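Only one structure is covered here, and it is reproduced in the block below.
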Amino acid sequence: MALISENELKVLKSRDAAAVTAVVQQNTQALLNAAYGLGVRDPDAEELVQETFAAFLGGLDRFEGRSSVRTWLFGILYRKALERWRKDKREEATDPVDVVFDKRFMGGMWSAPPKGPDEEAVSSETAALIEECAEGLTAGQRAAFYLKEVEALPTQEVCNALEVSATNLRVLLFRARNKLRECLERKWGKA
Amino acid sequence: MTFLLRFLPPCREVTEAVARGEMDDAPLLRRLAVSLHLALCGLCARYARQLRLLGQAARLRASRLDIARVEALQNRILARLLA
């Protein structure tokens with residue numbers, strides 16, 4: 001994710017129509033996907049993306065170009081999603097999945113190994129199950145998972161967008177992945 | 001070959017490292033040790049495979065976005081921003 005050059009930033013801050021158009025065209029799809037990744041549904045997802053761009057343009061003077069434009073936009077989208085849905089921004093110190101994970105091991109070795117079919121490629125049925133499972137994640141866990149897995153952002157960019165430390169990000173990813181995996185295993189077991 | 005596992009990080013440590021995404025930034029030796037463990041331990045390999053499935057599913061969902069819808073949304077956004 002390339003950082004914006006000083007000259008490009010200057011042009012953007014002047015609200016140049018071509019520059020603004022380019023930002024919108026280059027980022028709408030990613031932001032809409034991110035909104036869905038956060039669990040926002042239409043028509044709210046489209047409205048959230050619109051508000052994100054409006055906030056970006058309104059707050060352009062504060063953007064210093066230390067993150068990529070996309071990362072900055074993701075950060076705005078994420079904070080707006082939290083405000084709008086009144087989600088508790090603070091992640092809890094503990095999460096039930098930490099205990100669930102812990103109980104799968106004894107002396108560092110598996111005592112309750114992972115179960116489920118040995119799928120190498122995701123089927124549409126599995127994808128649908130995972131989407132259901134994502135409802136059980138917190139906003140922070142969903143955002144971290146989405147930005148890392150779908151956008152493949154470097155760690156520091158994800159930290160910038162979510163305003164978390166690298167350590168906290170790893171905790172979010174750990175919890176997101178394990179919650180999804182545990183949920184998927186349960187659903188596979190019922191199938 | 002599985003006797004080598006006793007010289008490598010244990011299963012819990014390996015799966016935790018994979019789930020936390022530590023392999024992105026870990027030193028080479030650490031990555032080698034974890035990779036070797038995953039090559040030798042079927043259970044941990046299954047766990048890692050399931051985590052990869054999660055990422056694949058998310059990317060699959062993202063790739064199915066209707067381009068015409070995105071373009072229509074872009075046009076509405078630009079009409080609002082550039083008015």
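Following the order of the structure tokens, chains are lettered A, B, ..., residues in each are numbered from 1, and ligands are numbered from 1.
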
(message) Can you tell me which residues surround segment 7-11 of chain B at a distance of at most 9 Å, considering only C-alpha atoms, apart from same-chain residues fewer than 2 positions away, and format the answer as a list in words?
(response)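 Using only C-alpha atoms, the neighbours found are Phe105, Gly107, Gly108, Met109 and Trp110 of chain A; Phe3, Leu4, Leu5, Glu13, Val14, Thr15, Glu16, Ala33, Val34, Leu36, His37, Leu38, Cys41, Leu43 and Cys44 of chain B.
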
(request) With a cut-off of 10 Å and counting only C-alpha atoms, select all residues of chain B in contact with chain A and give the selection as an NGL selection string. (result) :B and (9-22 or 24-25 or 43-67 or 69-71 or 73-78 or 80-82)

(message) Using DSSP assignments from the backbone, pull out every residue in chain B that falls under helix (DSSP H, G or I) and give it to me as JSON, numbers by chain.
(response) {"B": [2, 3, 4, 5, 6, 7, 11, 12, 13, 14, 15, 16, 17, 18, 19, 20, 22, 23, 24, 28, 29, 30, 31, 32, 33, 34, 35, 36, 37, 38, 39, 40, 42, 43, 44, 45, 46, 47, 48, 49, 50, 51, 52, 53, 54, 55, 56, 57, 58, 59, 60, 61, 62, 63, 67, 68, 69, 70, 71, 72, 73, 74, 75, 76, 77, 78, 79, 80, 81]}

(message) Measuring between only C-alpha atoms, which one of A:Leu77, A:Val99, A:Ala18, A:Trp72 shows the shortest distance to Ala35 of chain A?
(response) A:Leu77

(request) Would you work out the distance separating atom CA of Cys159 of chain A from atom CA of Ser14 of chain A, expressed in Å to one decimal? (result) 28.0 Å
